[in-house]
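Visitor: Pasting data-v9.cif here (mmCIF, C-alpha atoms):
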```
data_final
#
loop_
_atom_site.label_atom_id
_atom_site.label_comp_id
_atom_site.auth_asym_id
_atom_site.auth_seq_id
_atom_site.Cartn_x
_atom_site.Cartn_y
_atom_site.Cartn_z
CA MET A 29 16.07 -16.42 34.13
CA GLU A 30 14.28 -15.87 30.84
CA PHE A 31 12.18 -18.59 29.23
CA GLN A 32 11.07 -18.48 25.60
CA LEU A 33 8.09 -20.70 24.88
CA LEU A 34 6.62 -18.78 21.93
CA GLY A 35 8.72 -20.42 19.24
CA PRO A 36 11.66 -22.77 19.84
CA PHE A 37 12.20 -23.42 23.55
CA GLU A 38 15.02 -21.43 25.12
CA ALA A 39 16.15 -20.93 28.71
CA ARG A 40 18.71 -18.21 29.40
CA HIS A 41 20.46 -16.91 32.48
CA GLU A 42 22.29 -13.60 32.04
CA GLY A 43 22.34 -14.18 28.30
CA GLN A 44 23.77 -17.70 28.48
CA GLN A 45 21.72 -20.70 27.38
CA VAL A 46 20.74 -23.23 30.02
CA LEU A 47 19.45 -26.81 29.50
CA LYS A 48 21.15 -27.10 26.10
CA GLY A 49 21.93 -30.79 26.66
CA SER A 50 18.59 -31.73 28.20
CA ARG A 51 16.19 -34.17 26.60
CA ARG A 52 13.26 -32.95 24.52
CA GLN A 53 10.72 -34.42 26.98
CA GLU A 54 12.48 -32.71 29.91
CA ARG A 55 12.15 -29.35 28.18
CA CYS A 56 8.56 -30.18 27.32
CA LEU A 57 7.78 -31.04 30.96
CA LEU A 58 9.35 -27.82 32.16
CA SER A 59 7.39 -25.83 29.56
CA ILE A 60 4.12 -27.29 30.82
CA LEU A 61 5.01 -26.25 34.36
CA LEU A 62 6.03 -22.77 33.16
CA LEU A 63 2.73 -22.32 31.33
CA HIS A 64 1.06 -23.02 34.69
CA ALA A 65 3.61 -21.12 36.82
CA GLY A 66 2.40 -20.72 40.38
CA ARG A 67 -0.10 -23.58 40.00
CA THR A 68 0.30 -27.29 40.60
CA VAL A 69 0.22 -29.71 37.67
CA THR A 70 -0.45 -33.27 38.87
CA THR A 71 1.88 -36.08 37.93
CA ALA A 72 -1.02 -37.85 36.23
CA ARG A 73 -1.66 -34.81 34.06
CA LEU A 74 2.03 -34.55 33.14
CA ILE A 75 2.12 -38.22 32.17
CA ASP A 76 -1.00 -37.84 30.05
CA LEU A 77 0.41 -34.84 28.20
CA LEU A 78 3.93 -36.17 27.70
CA TRP A 79 2.84 -39.59 26.39
CA ASN A 80 -0.57 -38.62 25.01
CA GLY A 81 -2.41 -41.36 26.86
CA GLU A 82 0.06 -44.10 25.88
CA ALA A 83 2.45 -43.98 28.83
CA HIS A 84 4.64 -46.95 29.70
CA ALA A 85 4.64 -48.56 33.16
CA SER A 86 7.65 -46.59 34.37
CA ALA A 87 6.31 -43.19 33.25
CA ARG A 88 5.84 -41.92 36.81
CA SER A 89 9.44 -42.71 37.80
CA THR A 90 10.61 -41.13 34.51
CA VAL A 91 8.79 -37.92 35.43
CA HIS A 92 10.49 -37.95 38.86
CA THR A 93 13.86 -38.39 37.13
CA TYR A 94 13.16 -35.46 34.79
CA ILE A 95 12.16 -33.27 37.73
CA GLY A 96 15.38 -34.14 39.56
CA ARG A 97 17.52 -33.19 36.58
CA LEU A 98 15.60 -29.94 36.04
CA ARG A 99 15.96 -28.98 39.69
CA ALA A 100 19.70 -29.59 39.56
CA ALA A 101 20.03 -27.39 36.49
CA LEU A 102 17.67 -24.57 37.51
CA THR A 103 17.98 -24.19 41.29
CA PRO A 104 21.39 -22.46 41.05
CA HIS A 105 19.69 -19.81 38.88
CA GLY A 106 16.88 -19.15 41.35
CA VAL A 107 14.13 -21.23 39.72
CA ARG A 108 12.35 -23.57 42.16
CA ILE A 109 10.22 -26.60 41.26
CA ASP A 110 8.23 -27.60 44.32
CA THR A 111 6.42 -30.88 44.98
CA LYS A 112 2.76 -30.25 45.86
CA HIS A 113 -0.20 -32.62 46.19
CA ASP A 114 1.14 -35.39 43.97
CA GLY A 115 2.28 -32.84 41.43
CA TYR A 116 4.78 -30.10 40.74
CA ALA A 117 4.76 -26.33 40.45
CA VAL A 118 7.27 -23.73 39.29
CA GLU A 119 7.26 -21.08 41.96
CA PRO A 120 6.68 -17.49 40.80
CA GLY A 121 9.83 -15.45 40.99
CA ARG A 122 11.93 -12.93 39.11
CA HIS A 123 12.18 -15.16 36.06
CA VAL A 124 10.46 -14.01 32.87
CA ILE A 125 8.19 -16.31 30.87
CA ASP A 126 7.36 -14.88 27.45
CA ALA A 127 3.99 -16.66 27.24
CA GLN A 128 2.85 -15.09 30.52
CA GLU A 129 4.13 -11.69 29.41
CA PHE A 130 2.28 -12.10 26.12
CA ILE A 131 -1.01 -12.84 27.89
CA ARG A 132 -0.53 -9.91 30.29
CA LEU A 133 0.14 -7.41 27.48
CA VAL A 134 -2.81 -8.60 25.37
CA ARG A 135 -5.19 -8.31 28.31
CA GLN A 136 -3.81 -4.89 29.18
CA ALA A 137 -4.25 -3.72 25.59
CA ALA A 138 -7.87 -4.88 25.56
CA ASP A 139 -8.61 -2.60 28.54
CA VAL A 140 -7.07 0.52 26.96
CA GLY A 141 -9.34 3.05 25.25
CA ASP A 142 -6.72 4.99 23.30
CA PRO A 143 -5.99 3.30 19.93
CA ALA A 144 -2.35 4.43 19.89
CA GLU A 145 -1.65 3.00 23.33
CA ARG A 146 -3.55 -0.15 22.44
CA VAL A 147 -1.45 -0.64 19.29
CA ARG A 148 1.75 -0.06 21.28
CA LEU A 149 0.81 -2.81 23.74
CA TYR A 150 -0.25 -5.21 21.00
CA ASP A 151 3.03 -4.54 19.20
CA GLN A 152 4.94 -5.47 22.35
CA ALA A 153 2.89 -8.64 22.81
CA LEU A 154 3.09 -9.82 19.21
CA GLY A 155 6.79 -9.00 19.13
CA LEU A 156 7.29 -11.83 21.63
CA TRP A 157 5.91 -14.35 19.14
CA LYS A 158 8.86 -16.16 17.54
CA GLY A 159 6.83 -19.04 16.10
CA PRO A 160 4.34 -21.71 17.20
CA LEU A 161 4.29 -22.50 20.90
CA LEU A 162 7.17 -24.86 21.76
CA ALA A 163 8.01 -25.25 18.08
CA ASP A 164 10.84 -27.73 18.69
CA VAL A 165 9.55 -29.75 21.66
CA ALA A 166 5.80 -30.24 21.09
CA ASP A 167 3.76 -31.69 18.23
CA ASP A 168 0.55 -30.09 16.95
CA GLN A 169 -1.68 -32.26 19.11
CA LEU A 170 0.11 -31.38 22.35
CA ARG A 171 0.34 -27.75 21.28
CA ASP A 172 -3.42 -27.59 20.91
CA ARG A 173 -3.95 -29.21 24.31
CA ILE A 174 -1.67 -26.95 26.32
CA GLY A 175 -1.60 -23.74 24.30
CA GLY A 176 -4.70 -23.54 22.14
CA HIS A 177 -5.91 -20.55 24.13
CA ILE A 178 -2.62 -18.73 23.51
CA ALA A 179 -2.83 -19.29 19.76
CA GLU A 180 -6.42 -17.98 19.82
CA LEU A 181 -5.29 -14.96 21.84
CA ARG A 182 -2.65 -14.20 19.21
CA MET A 183 -5.22 -14.20 16.41
CA SER A 184 -7.51 -11.98 18.44
CA ALA A 185 -4.61 -9.60 19.11
CA LEU A 186 -3.84 -9.41 15.38
CA GLU A 187 -7.48 -8.51 14.69
CA GLN A 188 -7.73 -5.94 17.49
CA ARG A 189 -4.44 -4.30 16.55
CA ALA A 190 -5.43 -4.06 12.89
CA GLU A 191 -8.77 -2.45 13.72
CA SER A 192 -7.06 0.07 16.01
CA GLN A 193 -4.52 0.86 13.29
CA LEU A 194 -7.31 1.41 10.78
CA ALA A 195 -8.94 3.84 13.22
CA MET A 196 -5.63 5.75 13.26
CA GLY A 197 -5.35 5.80 9.46
CA GLU A 198 -2.46 3.31 9.28
CA HIS A 199 -4.03 1.29 6.45
CA GLU A 200 -0.79 0.66 4.56
CA ARG A 201 0.79 -0.97 7.61
CA VAL A 202 -2.31 -3.13 8.12
CA ALA A 203 -2.24 -4.25 4.49
CA ALA A 204 1.40 -5.32 4.89
CA ASP A 205 1.13 -6.87 8.36
CA LEU A 206 -1.89 -9.02 7.52
CA LEU A 207 -0.64 -10.36 4.19
CA THR A 208 0.36 -13.75 5.57
CA PRO A 209 -2.18 -14.09 8.45
CA ALA A 210 -5.13 -13.38 6.13
CA GLN A 211 -3.90 -16.03 3.69
CA GLU A 212 -3.23 -18.63 6.37
CA HIS A 213 -6.48 -18.03 8.28
CA PRO A 214 -9.32 -17.32 5.82
CA GLU A 215 -11.74 -18.51 8.52
CA ARG A 216 -10.84 -15.42 10.59
CA GLU A 217 -13.24 -13.10 8.82
CA ARG A 218 -12.41 -10.09 11.01
CA LEU A 219 -8.79 -10.47 9.92
CA VAL A 220 -9.77 -10.70 6.27
CA ALA A 221 -12.12 -7.73 6.60
CA ALA A 222 -9.38 -5.60 8.16
CA ARG A 223 -6.99 -6.34 5.30
CA MET A 224 -9.68 -5.77 2.67
CA THR A 225 -10.43 -2.38 4.19
CA ALA A 226 -6.72 -1.54 4.39
CA LEU A 227 -6.17 -2.51 0.75
CA TYR A 228 -9.14 -0.41 -0.38
CA ARG A 229 -7.94 2.64 1.56
CA SER A 230 -4.48 2.18 0.03
CA GLY A 231 -5.97 2.52 -3.45
CA ARG A 232 -5.87 -1.23 -4.13
CA GLN A 233 -9.54 -1.96 -4.78
CA ALA A 234 -8.79 -4.85 -7.14
CA ASP A 235 -6.55 -6.53 -4.54
CA ALA A 236 -9.26 -6.13 -1.90
CA LEU A 237 -11.82 -7.81 -4.19
CA GLN A 238 -9.34 -10.56 -5.07
CA LEU A 239 -8.79 -11.28 -1.35
CA TYR A 240 -12.54 -11.66 -0.90
CA SER A 241 -12.75 -13.98 -3.90
CA SER A 242 -9.96 -16.27 -2.66
CA THR A 243 -11.37 -16.26 0.88
CA HIS A 244 -14.84 -17.11 -0.42
CA GLN A 245 -13.46 -20.04 -2.40
CA VAL A 246 -11.57 -21.51 0.57
CA LEU A 247 -14.54 -21.11 2.92
CA VAL A 248 -16.84 -22.89 0.51
CA THR A 249 -14.51 -25.70 -0.59
CA GLU A 250 -12.69 -26.43 2.68
CA PHE A 251 -15.17 -25.37 5.36
CA GLY A 252 -18.45 -25.79 3.53
CA ILE A 253 -19.73 -22.34 4.51
CA GLU A 254 -20.40 -18.98 2.87
CA PRO A 255 -18.73 -15.77 4.13
CA GLY A 256 -20.60 -14.05 6.95
CA THR A 257 -22.91 -11.07 6.56
CA GLU A 258 -20.32 -8.46 7.58
CA LEU A 259 -17.72 -9.71 5.11
CA ARG A 260 -20.28 -9.88 2.29
CA THR A 261 -21.48 -6.36 3.07
CA LEU A 262 -17.90 -5.06 3.06
CA HIS A 263 -17.36 -6.74 -0.32
CA ASP A 264 -20.44 -5.00 -1.75
CA ARG A 265 -19.33 -1.60 -0.43
CA ILE A 266 -15.86 -2.02 -1.94
CA LEU A 267 -17.41 -3.16 -5.23
CA GLN A 268 -19.53 0.00 -5.29
CA GLY A 269 -16.65 2.25 -4.23
CA ASP A 270 -18.48 3.45 -1.11
CA PRO A 271 -16.72 6.75 -0.17
CA ARG A 272 -17.44 6.11 3.52
CA LEU A 273 -14.75 3.43 3.44
CA ASP A 274 -12.04 5.88 2.35
CA ARG A 275 -11.11 7.14 5.80
CA PRO A 276 -11.67 6.18 9.42
CA PRO A 277 -14.40 8.22 11.14
CA ALA A 278 -13.24 11.65 12.24
CA PRO A 279 -12.73 12.28 15.97
CA ILE A 280 -15.25 14.46 17.77
CA TYR A 281 -14.28 18.13 18.30
CA ALA A 282 -11.42 17.87 15.80
CA VAL A 283 -9.79 19.90 13.06
CA ARG A 284 -7.73 18.28 10.32
CA VAL A 285 -4.26 19.79 9.76
CA GLY A 286 -2.30 18.07 7.02
CA ASP A 287 -2.71 14.36 7.65
CA GLU A 288 -3.42 14.75 11.39
CA TRP A 289 -6.55 15.28 13.44
CA LEU A 290 -6.00 17.89 16.17
CA PRO A 291 -8.37 19.04 18.92
CA TRP A 292 -10.19 22.35 18.73
CA ASN A 293 -8.46 25.24 20.47
CA THR A 294 -10.29 25.91 23.73
CA SER A 295 -8.04 27.59 26.26
CA GLY A 296 -6.24 30.63 24.88
CA HIS A 297 -2.71 29.46 25.72
CA PRO A 298 -0.40 26.89 24.05
CA ALA A 299 0.60 25.26 27.34
CA LEU A 300 -3.05 24.71 28.23
CA GLU A 301 -3.84 23.47 24.73
CA PHE A 302 -1.08 20.91 25.18
CA CYS A 303 -2.78 19.64 28.33
CA ASN A 304 -6.05 19.64 26.42
CA THR A 305 -4.68 17.30 23.78
CA TYR A 306 -6.26 14.69 26.01
CA ALA A 307 -10.00 15.06 25.44
CA GLY A 308 -11.86 13.96 28.52
CA TRP A 309 -8.91 14.21 30.90
CA GLY A 310 -11.21 14.41 33.89
CA GLY A 311 -13.39 11.47 32.86
CA PRO A 312 -13.10 7.93 31.49
CA ARG A 313 -10.60 7.32 28.70
CA LEU A 314 -12.92 6.93 25.75
CA PRO A 315 -11.77 5.43 22.43
CA GLY A 316 -10.15 8.11 20.27
CA SER A 317 -9.74 10.54 23.16
CA GLU A 318 -5.94 10.44 23.09
CA TRP A 319 -4.88 13.10 20.59
CA LEU A 320 -1.14 12.49 20.73
CA ARG A 321 -1.49 9.30 18.74
CA SER A 322 1.91 9.52 17.08
CA TYR A 323 5.01 11.68 16.90
CA ALA A 324 3.65 13.13 13.66
CA THR A 325 0.62 14.42 15.59
CA LEU A 326 2.92 16.06 18.14
CA ALA A 327 5.05 17.77 15.47
CA VAL A 328 2.07 18.97 13.43
CA TRP A 329 0.36 20.22 16.59
CA ALA A 330 3.47 22.24 17.51
CA GLY A 331 3.40 23.88 14.09
CA HIS A 332 -0.36 24.51 14.34
CA MET A 333 0.17 26.31 17.66
CA ASP A 334 3.05 28.44 16.23
CA LEU A 335 5.56 26.73 18.50
CA ALA A 336 7.54 25.54 15.48
CA GLU A 337 7.84 26.90 11.95
CA ASP A 338 6.55 24.91 8.98
CA PRO A 339 10.02 24.02 7.59
CA VAL A 340 10.99 22.76 11.04
CA VAL A 341 7.87 20.57 11.23
CA THR A 342 8.60 19.14 7.78
CA ARG A 343 12.14 18.29 8.85
CA LEU A 344 10.92 16.69 12.09
CA LEU A 345 8.43 14.49 10.23
CA LYS A 346 11.20 13.29 7.93
CA GLN A 347 13.50 12.54 10.87
CA ALA A 348 10.69 10.66 12.65
CA ARG A 349 10.23 8.39 9.64
CA GLN A 350 13.97 7.71 9.57
CA HIS A 351 14.22 7.08 13.33
CA PRO A 352 10.87 5.62 14.47
CA ASP A 353 12.17 4.24 17.77
CA GLU A 354 13.60 7.61 18.80
CA ALA A 355 10.37 9.34 17.76
CA ALA A 356 8.33 6.88 19.85
CA ALA A 357 10.52 7.60 22.90
CA VAL A 358 10.00 11.35 22.47
CA LEU A 359 6.24 10.82 22.19
CA GLU A 360 6.24 8.98 25.52
CA GLU A 361 8.29 11.80 27.04
CA ALA A 362 5.76 14.33 25.73
CA ARG A 363 2.86 12.41 27.25
CA GLU A 364 4.63 12.20 30.60
CA PHE A 365 5.42 15.94 30.51
CA ARG A 366 1.79 16.66 29.66
CA GLY A 367 0.58 14.69 32.68
CA ASN A 368 2.96 16.50 35.03
CA LEU A 369 2.06 19.88 33.54
CA TYR A 370 -1.66 19.21 33.95
CA ALA A 371 -1.11 18.24 37.61
CA CYS A 372 1.09 21.28 38.17
CA LEU A 373 -1.44 23.70 36.68
CA THR A 374 -4.45 22.26 38.49
CA ASP A 375 -2.74 21.99 41.88
CA PRO A 376 -0.25 24.78 42.67
CA HIS A 377 0.85 22.85 45.76
CA ASP A 378 1.90 19.73 43.83
CA THR A 379 5.65 19.97 44.42
CA ARG A 380 6.46 16.73 42.66
CA ALA A 381 4.71 17.80 39.45
CA PHE A 382 6.37 21.24 39.53
CA LYS A 383 9.83 19.73 39.93
CA ALA A 384 9.19 17.36 37.04
CA VAL A 385 8.07 20.24 34.80
CA ALA A 386 10.95 22.44 35.96
CA GLY A 387 13.45 19.74 35.04
CA VAL A 388 12.24 19.69 31.44
CA VAL A 389 12.10 23.51 31.31
CA GLU A 390 15.66 23.82 32.55
CA GLU A 391 16.87 21.25 30.05
CA ALA A 392 15.11 23.10 27.23
CA ALA A 393 16.65 26.40 28.34
CA LYS A 394 20.16 24.98 27.91
CA VAL A 395 19.63 24.49 24.18
CA SER A 396 17.56 27.59 23.38
CA VAL A 397 18.29 30.54 21.13
CA PHE A 398 17.18 34.15 21.60
CA THR A 399 15.92 35.50 18.29
CA ARG A 400 13.68 38.16 16.80
CA GLY A 401 10.62 37.27 14.76
CA GLU A 402 9.04 38.93 11.76
CA ASP A 403 6.84 40.96 14.10
CA GLY A 404 9.96 42.59 15.54
CA LEU A 405 9.55 40.98 18.95
CA ALA A 406 12.31 38.87 20.45
CA ARG A 407 11.66 35.49 22.02
CA TRP A 408 13.31 32.27 23.12
CA LEU A 409 13.08 29.38 20.67
CA PRO A 410 14.24 25.78 21.00
CA SER A 411 17.44 25.11 19.10
CA ARG A 412 17.51 22.70 16.17
CA THR A 413 20.12 20.77 18.12
CA ALA A 414 17.19 19.46 20.20
CA GLY A 415 16.40 17.15 17.27
CA LEU A 416 13.15 15.24 17.61
CA ARG A 417 12.69 16.60 21.14
CA LEU A 418 12.18 20.12 19.74
CA PRO A 419 8.34 20.08 20.18
CA VAL A 420 8.73 19.03 23.83
CA HIS A 421 11.20 21.87 24.42
CA ALA A 422 8.86 24.30 22.67
CA VAL A 423 5.99 23.31 24.97
CA ALA A 424 8.32 23.60 27.96
CA HIS A 425 9.07 27.23 27.01
CA SER A 426 5.36 27.96 26.81
CA ALA A 427 4.73 26.24 30.14
CA ALA A 428 7.51 28.22 31.83
CA GLU A 429 6.04 31.50 30.59
CA LEU A 430 2.60 30.61 31.93
CA LEU A 431 3.89 29.41 35.30
CA ALA A 432 5.72 32.72 35.72
CA ASP A 433 2.64 34.75 34.73
CA PRO A 434 -0.01 35.83 37.30
CA ARG A 435 -2.60 34.54 34.83
CA ARG A 436 -1.77 31.00 35.96
CA PHE A 437 -3.98 31.72 38.99
CA THR A 438 -6.96 32.26 36.68
CA ILE A 439 -6.75 28.76 35.20
CA ARG A 440 -9.99 26.84 35.54
CA THR A 441 -10.88 23.23 34.86
CA CYS A 442 -14.05 22.49 32.94
CA PRO A 443 -16.23 20.68 35.52
CA SER A 444 -17.93 18.40 33.00
CA ALA A 445 -17.15 14.76 33.75
CA ASP A 446 -16.69 14.25 30.01
CA CYS A 447 -14.26 17.12 29.57
CA GLY A 448 -11.85 18.41 32.22
CA TRP A 449 -10.09 20.74 29.76
CA LEU A 450 -8.25 23.79 31.09
CA PHE A 451 -8.95 27.41 30.19
CA LEU A 452 -8.09 30.94 31.35
CA ASP A 453 -10.89 32.80 33.14
CA GLN A 454 -9.51 36.22 34.08
CA ARG A 455 -12.96 37.69 34.67
CA GLY A 456 -14.06 34.78 36.82
CA ARG A 457 -17.36 34.44 34.99
CA ARG A 458 -16.92 31.37 32.79
CA ARG A 459 -18.18 28.09 34.16
CA TRP A 460 -17.43 25.86 31.17
CA CYS A 461 -14.63 25.70 28.65
CA SER A 462 -15.27 27.08 25.16
CA LEU A 463 -16.14 23.62 23.88
CA ALA A 464 -19.63 24.58 25.08
CA THR A 465 -21.30 21.29 24.23
CA CYS A 466 -20.12 19.60 27.42
CA GLY A 467 -21.87 22.11 29.69
CA SER A 468 -24.72 23.41 27.64
CA SER A 469 -26.49 20.06 27.38
CA ARG A 470 -26.51 19.71 31.14
CA GLN A 471 -27.72 23.26 31.66
CA LEU A 472 -30.56 22.71 29.20
CA SER A 473 -31.54 19.45 30.89
CA ARG A 474 -31.89 21.28 34.22
CA SER A 475 -34.07 24.08 32.83
#
```
Transcribe the structure of this file into C-alpha cells.
Guide:
Amino acid sequence: MEFQLLGPFEARHEGQQVLKGSRRQERCLLSILLLHAGRTVTTARLIDLLWNGEAHASARSTVHTYIGRLRAALTPHGVRIDTKHDGYAVEPGRHVIDAQEFIRLVRQAADVGDPAERVRLYDQALGLWKGPLLADVADDQLRDRIGGHIAELRMSALEQRAESQLAMGEHERVAADLLTPAQEHPERERLVAARMTALYRSGRQADALQLYSSTHQVLVTEFGIEPGTELRTLHDRILQGDPRLDRPPAPIYAVRVGDEWLPWNTSGHPALEFCNTYAGWGGPRLPGSEWLRSYATLAVWAGHMDLAEDPVVTRLLKQARQHPDEAAAVLEEAREFRGNLYACLTDPHDTRAFKAVAGVVEEAAKVSVFTRGEDGLARWLPSRTAGLRLPVHAVAHSAAELLADPRRFTIRTCPSADCGWLFLDQRGRRRWCSLATCGSSRQLSRS
C-alpha cells in the first residue's frame, strides 16, 4: 500500500483509495503509527495526542475500537498493526510511507558531495510534499507535536537545494522556486539570502534589495530582532554591486566552454577524457567534483571533444530544454556508461563491465552513419536519429575504437588519492597524469 501523509491523508492499494469512509480520528491514529512505523506507540501516548490532554473516560476503549476497524480494513492489503507493550506498532513491510521516503531522501542528499546529484535527490524529496503534514486530519498544534521535525527538515532541504543550485549557476530557478518560501518564512535567513543572491545574479538588483527591506521590516516588527551578520553583509555587497557575487566560484582544473565548466584535457583520448569527467574518481567525492552536472554539460563536452559538430550541439541543447525529463534520463545513462567504461579500462578482466560497455557500443552501431569529414578521412558518426542520446553514442564509438586498439594496454591510472584520472603512457615513463599538481606536491614534500 501507499500512504500519503505530506498533505491530505490518503491510503491507496493498487491505485484504489482505502479508508475513504473512516473517521478523521481513525486516520489520525493510523498516521501517528505510520510516522513511527516499526516502533511501538503506547496507548497513553495515542490518547494524549488524539485528545490533546482532554481525553474522556472511555478514550482507551475508543482507541481499541479504532485499532480493530483499521486492522479489518488494512490486513487484507498486507498492512499489520501489532499489539506490543500496552501499545501498537505498524509492522515494516512493502508499503510506502511518503514521510519516511522524504526523510530518507533528504538524509541521502545531505551525504552527497556532487551538487547535481544532491539537487536531484532534494527534488525527489520535495516533490513528495503535497501540503502541510496531515492537512485534513490534524490541527496545527498536533502537527507541531508529531511532525515538527519533518517541517524543519523541509525548510532545511529548501535551503540546501537552493545553495547547491546556486553553485551550479541555476540562479533563475532559485529565484522562482523561493518566491513563496522566502515570503512566508522571513526568519529563515539562509532561504532569504539564497533568493537575494539568485535575484542579483539574474540582473534583478532592485528586487534583491527590496526582499532584504521587507525581510528586515518583518524581523524587527514581528520578531523583535535585526537581520543576522551574514544577511546584512550580503545586502551591503549587493548594494555595492560586488562583482564576486555575479557567478558561483569556478571549479578547480576547469575550462569554461559556452555556459559550461569542463575539466582540463589530461589523457589524450576522448574515451579517457569521458572517464575523467569525474575529478577525483579514485578518492572521496568532493563537492563540485562531478563534471556531468547536467545534460547541457554532456552535450557541450561532446562538442568540445569533436565528438559532435557545433550545429548538432545547439540542436541538442534546444531539445533538452523542450524535453527535460528525457534529457535527465540520458544523463543518468551517460553516468552509468562512464562508470562501466572506467571499470572496463582499469581492469581488462572485468567481464561484467565489458559486456555493459559492449551493449551500448552495439546499440550505437545500429544507428551510425559512415561519412567523410573535411579532412578527407572517413569515420563512423552517430546518426541524428539517436536524438538526445547522440553524445552517449558518440562516446561509445570512441570507447570501441580504444578497446580495439593495442594502446588500451598502455592506459595508466594516476595514483594520487585525489585524482585517479586515466591517461595513455606508451613509453611507460609517466607516473602522474598531466594534471601535474596532484603528484608534484607530494614529490616536493618528499624531497
Visitor: Tell me, in Å to one decimal, how far CA of His123 in chain A is from CA of Ala138 in chain A.
Guide: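 We find that CA of His123 in chain A and CA of Ala138 in chain A lie 24.9 Å from each other.
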Visitor: Quick check, in Å to one decimal: how far apart do CA of Leu359 in chain A and CA of Ala428 in chain A lie?
Guide: 19.9 Å
Visitor: Could you tell me which residues the PyMOL selection byres ((chain A and resi 345) around 9) returns for this structure, as a ChimeraX atom specification?
Guide: /A:323-324,327-328,340-344,346-350,416
Visitor: With a distance cut-off of 10 Å and all atoms listed in the file, select the neighbouring residues of Trp319 in chain A, excluding the residue or stretch itself and same-chain residues fewer than 6 positions from it, and output the selection as a list in words.
Guide: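 Final neighbour list, sorted by chain and number: Asp142, Pro143, Ala144, Pro279, Ala282, Glu288, Trp289, Leu290, Pro291, Phe302, Asn304, Thr305, Tyr306, Ala307, Thr325, Leu326 and Trp329 of chain A.
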Visitor: List the residues sitting within 10 Å of (-4.0, -13.6, 19.7) in the file's frame, using all atoms listed in the file, as a PDB file with C-alpha atoms, in the coordinates of the input.
Guide:
```pdb
ATOM      1  CA  PHE A 130       2.280 -12.100  26.120  1.00  0.00           C
ATOM      2  CA  ILE A 131      -1.010 -12.840  27.890  1.00  0.00           C
ATOM      3  CA  VAL A 134      -2.810  -8.600  25.370  1.00  0.00           C
ATOM      4  CA  TYR A 150      -0.250  -5.210  21.000  1.00  0.00           C
ATOM      5  CA  ALA A 153       2.890  -8.640  22.810  1.00  0.00           C
ATOM      6  CA  LEU A 154       3.090  -9.820  19.210  1.00  0.00           C
ATOM      7  CA  TRP A 157       5.910 -14.350  19.140  1.00  0.00           C
ATOM      8  CA  HIS A 177      -5.910 -20.550  24.130  1.00  0.00           C
ATOM      9  CA  ILE A 178      -2.620 -18.730  23.510  1.00  0.00           C
ATOM     10  CA  ALA A 179      -2.830 -19.290  19.760  1.00  0.00           C
ATOM     11  CA  GLU A 180      -6.420 -17.980  19.820  1.00  0.00           C
ATOM     12  CA  LEU A 181      -5.290 -14.960  21.840  1.00  0.00           C
ATOM     13  CA  ARG A 182      -2.650 -14.200  19.210  1.00  0.00           C
ATOM     14  CA  MET A 183      -5.220 -14.200  16.410  1.00  0.00           C
ATOM     15  CA  SER A 184      -7.510 -11.980  18.440  1.00  0.00           C
ATOM     16  CA  ALA A 185      -4.610  -9.600  19.110  1.00  0.00           C
ATOM     17  CA  LEU A 186      -3.840  -9.410  15.380  1.00  0.00           C
ATOM     18  CA  GLU A 187      -7.480  -8.510  14.690  1.00  0.00           C
ATOM     19  CA  GLN A 188      -7.730  -5.940  17.490  1.00  0.00           C
ATOM     20  CA  ARG A 189      -4.440  -4.300  16.550  1.00  0.00           C
TER      21      ARG A 189
END
```
Visitor: Please provide as a list of chain:residue names all residues within 12 Å of Arg73 in chain A, with the sequence filter that same-chain residues fewer than 6 positions apart are discarded (counting all atoms listed in the file).
Guide: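 Final neighbour list, sorted by chain and number: A:Leu57, A:Ile60, A:Leu61, A:Trp79, A:Asn80, A:Gly81, A:Ala83, A:Ala87, A:Arg88, A:Val91, A:Asp114, A:Gly115, A:Tyr116, A:Arg173, A:Ile174.
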Visitor: Please dump the current selection as a PDB file, in the frame of the given file; keep C-alpha atoms.
Guide:
```pdb
ATOM      1  CA  LEU A  57       7.780 -31.040  30.960  1.00  0.00           C
ATOM      2  CA  ILE A  60       4.120 -27.290  30.820  1.00  0.00           C
ATOM      3  CA  LEU A  61       5.010 -26.250  34.360  1.00  0.00           C
ATOM      4  CA  TRP A  79       2.840 -39.590  26.390  1.00  0.00           C
ATOM      5  CA  ASN A  80      -0.570 -38.620  25.010  1.00  0.00           C
ATOM      6  CA  GLY A  81      -2.410 -41.360  26.860  1.00  0.00           C
ATOM      7  CA  ALA A  83       2.450 -43.980  28.830  1.00  0.00           C
ATOM      8  CA  ALA A  87       6.310 -43.190  33.250  1.00  0.00           C
ATOM      9  CA  ARG A  88       5.840 -41.920  36.810  1.00  0.00           C
ATOM     10  CA  VAL A  91       8.790 -37.920  35.430  1.00  0.00           C
ATOM     11  CA  ASP A 114       1.140 -35.390  43.970  1.00  0.00           C
ATOM     12  CA  GLY A 115       2.280 -32.840  41.430  1.00  0.00           C
ATOM     13  CA  TYR A 116       4.780 -30.100  40.740  1.00  0.00           C
ATOM     14  CA  ARG A 173      -3.950 -29.210  24.310  1.00  0.00           C
ATOM     15  CA  ILE A 174      -1.670 -26.950  26.320  1.00  0.00           C
TER      16      ILE A 174
END
```
Visitor: Taking the file as I've supplied it (selection: the PyMOL selection byres ((chain A and resi 370) around 9)), which residues are included? Please answer as a count of residues only.
Guide: 16
Visitor: Would you kindly return, as a list in words, each protein, DNA or RNA residue with an atom no farther than 12 Å from any atom of Thr243 in chain A, considering all atoms listed in the file and excluding same-chain residues fewer than 6 positions away?
Guide: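 In the requested format, the answer is Ala210, Gln211, Glu212, His213, Pro214, Glu215, Arg216, Glu217, Arg218, Leu219, Val220, Ala221, Arg223, Met224, Ala236, Leu237, Thr249, Glu250, Phe251, Ile253, Glu254, Pro255, Gly256, Leu259, Arg260 and His263 of chain A.
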